[in-house]
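A.B. asks: Encoded as C-alpha cells, here's the structure I'll be asking about.
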Amino acid sequence: MSSMPATQPDVAVISGGVGAARFIRALMTAIDPTQITAVVNTGDDTTLHGLAISPDLDTIVYTLAEAIDPERGWGLVDETWRAMGALDRYATIRPDGSSAAPQWFNLGDQDLATHFYRTARLAEGATLTEVTNEIRRAWDVPVAVLPMSDERLSTMVTVTADPDAGDQPREVSFQDYFVRLRHSVPVTSVRFDGSASLSSPARAAIEHATTIVIAPSNPLVSIGPMRALTGFDDLLATRRERTVAVSPIVGGAALKGPADRMLAELGHDPSVVGVARLYRSIASVLVVDPVDADLAPEVEAAGMRCVVTPSIMSDPDVARGLAEQTLAAVVS
Ligand code: FO1
C-alpha cells in the first residue's frame with residue numbers, strides 16, 4: 001500500500017447499491033476511510049412483512065464490512081433462509097388479495113436482524129440517518145454512510161406488462177420491477193413519488209467535500225432519485241468543477257442490472273455518451289473504460305472532460321487504480 005498524505009481531501013460519493021459499494025471499498029484502500037462519506041439512494045426502500053428495508057444502504061454497509069455475499073452482491077455471505085421457507089405454511093391460507101407473507105423478496109435469516117433493528121428504531125422515532133449510523137457502527141464500518149433523505153421518496157416504474165396483473169401495463173414499485181418481475185419487462189417511464197429534501201448531513205457532506213464522485217450506479221433509478229430531491233441538482237451544479245462521475249456503462253452494457261436496457265427504453269443512448277448527456281450539468285468529468293476510448297471525443301463534445309482508465313472492478317488492483325484515477329481527475 002502506498003503511503004497516504006498527512007491531510008486528506010474529504011470525498012462524498014453519490015451512491016446506489018452494488019457498483020457504488022465496490023467503488024467505495026476500493027476508495028478505502030486509496031485514502032483514509034474516515035475521509036469518505038457515502039450519500040446513498042433510498043428510492044428503492046420498501047416495507048415488507050411490516051419491516052423497513054433499505055437495500056442500497058445495507059449493500060453499502062455489508063460490502064464495506066466484508067460481509068456481503070460476493071456472488072449475489074446483496075445480502076449476507078453464508079446466509080440461511082429458514083424464515084423465508086417457513087412462510088410456505090402461510091402462503092397456502094393467505095386470503096385472495098392479501099399481500100401477507102410475500103416470498104418473492106428474499107430476506108435471509110441474519111439479514112432479518114438488520115430489518116428488525118431498523119424498523120424498531122424508526123418506530124421509536126429515530127431518523128433513518130440516525131439508525132443507519134447505528135447499523136454502520138454495529139458493523140465497524142469506518143466510512144460515514146448517510147441516507148439521501150429522512151423523508152420518503154419512492155421510485156415507481158411503469159412496465160408494459162405485469163404477468164401478475166393480467167399482463168396489463170401498470171406502475172409498480174421499484175422492488176416489484178427489479179425483484180418480482182426480475183427487471184425482465186420493458187419500462188415506459190420512471191417516476192419519483194413524494195416530495196423530499198436532501199438531509200442536512202448529506203447536504204453538508206456535498207457542500208464541504210473536496211471531491212464529489214457519482215458512483216458507477218444506474219443513472220436513472222439509483223442516482224435519479226437523488227436528483228429528484230428538492231435542490232439536489234442545483235447544489236451539485238455549484239460543485240460541478242469538483243464532481244466526477246464514473247460510467248456504469250462499459251462497451252454499451254451495464255456492469256450489473258438493467259441500466260443499459262432502461263436507458264434505451266427511456267430514450268437515452270445506452271453508452272458513455274448517453275451517460276455524459278445525463279450528467280453534464282452536474283459533473284465536469286466522466287471516467288470511462290478503455291473499451292470506450294473511441295467515444296471520448298463524443299463525451300467531450302457532450303460537455304464533459306473524459307478520463308479513460310480500466311473500470312471493471314473484478315480485480316482489486318484495477319479497483320484501486322480506478323479510485324485513484326477518479327480522485328486525480330478533479331485535482332486542480
Ligand atoms: N435482489 C434480488 O434480485 N432478489 C431478492 O430476493 C433480493 C432481496 C434483497 C433483500 C435485502 C436486500 O438488502 C437486497 C435484496 N435484493 C434482492 C437486492 C436489491 O433489491 C437490489 O439489488 C437493489 O434494490 C438495486 O439497487
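Scheme for the C-alpha cells: letters A, B, ... for chains in order shown; per-chain residue numbers from 1; ligand numbers from 1 in order shown.
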Which protein, DNA or RNA residues have an atom within 7 Å of ligand 1, counting only C-alpha atoms and all ligand atoms, as a ChimeraX atom specification?
C.D. replies: /A:16-18,44,53-56,58-59,74-75,104-107,175,178-179,182,222
A.B. asks: What's around Ser189 (chain A) at 8 Å? Count only C-alpha atoms, leave out sequence neighbours fewer than 2 positions away in its own chain, and write the answer as a ChimeraX atom specification.
C.D. replies: /A:157-159,187,191,266
A.B. asks: Would you mind telling me which residue in A:Ala21, A:Val307, A:Val288, A:Ala38 lies nearest to Gly73 (chain A) when using only C-alpha atoms?
C.D. replies: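 Comparing A:Ala21, A:Val307, A:Val288, A:Ala38 against Gly73 (chain A), the winner is A:Ala21.
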A.B. asks: For the structure I just gave you, how does DSSP split region 84-236 of chain A - specifically, which residues are alpha helix (DSSP H)? Reply as a PyMOL selection string.
C.D. replies: chain A and resi 84-86+88-91+109-123+128-138+174-175+200-208+224-227+232-236
A.B. asks: Find the distance between CA of Asp193 (chain A) and CA of Arg152 (chain A) and write it in Å to one decimal.
C.D. replies: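 For CA of Asp193 (chain A) relative to CA of Arg152 (chain A), the distance reads 8.2 Å.
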A.B. asks: Using only C-alpha atoms, find the one residue out of A:Val246, A:Ala293, A:Val145, A:Ile214 that sits nearest to Ala202 (chain A).
C.D. replies: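 Closest residue, counting only C-alpha atoms: A:Val145.
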A.B. asks: Let me make sure I understand: among A:Ile223, A:Val250, A:Leu236, A:Leu198, which one has the smallest atom-to-atom distance to Met313 (chain A) if we use only C-alpha atoms?
C.D. replies: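 Distance minimum relative to Met313 (chain A) lands on A:Val250.
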A.B. asks: Using only C-alpha atoms for the distances, tell me which of A:Leu48, A:Leu146, A:Ile135, A:Ala283 is nearest to Ser99 (chain A).
C.D. replies: A:Leu48
A.B. asks: Measuring between only C-alpha atoms, which one of A:Ala65, A:Val40, A:Thr127, A:Ser271 shows the shortest distance to Pro147 (chain A)?
C.D. replies: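 Between A:Ala65, A:Val40, A:Thr127, A:Ser271, the residue approaching Pro147 (chain A) most closely is A:Val40.
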A.B. asks: Apply DSSP to the backbone of this structure and, from region 257-295 of chain A, keep only the residues in strand (DSSP E or B); write these as a short mmCIF file (atom, residue, chain, number, x, y, z; two decimals) with C-alpha atoms, in the first residue's frame.
C.D. replies:
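File written: selection.cif
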data_model
loop_
_atom_site.label_atom_id
_atom_site.label_comp_id
_atom_site.auth_asym_id
_atom_site.auth_seq_id
_atom_site.Cartn_x
_atom_site.Cartn_y
_atom_site.Cartn_z
CA VAL A 285 -15.55 14.76 -15.73
CA LEU A 286 -16.66 11.30 -16.86
CA VAL A 287 -14.42 8.29 -16.20
CA VAL A 288 -14.80 5.61 -18.88
#
A.B. asks: Return the single residue from A:Val172, A:Ala165, A:Ile60, A:Ala323 that is closest to Val143 (chain A), with distances computed using only C-alpha atoms.
C.D. replies: A:Ile60
A.B. asks: I'd like the interatomic distance between CA of Lys256 (chain A) and CA of Asn133 (chain A), to a tenth of an Å.
C.D. replies: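 According to the coordinates, CA of Lys256 (chain A) and CA of Asn133 (chain A) are separated by 27.0 Å.
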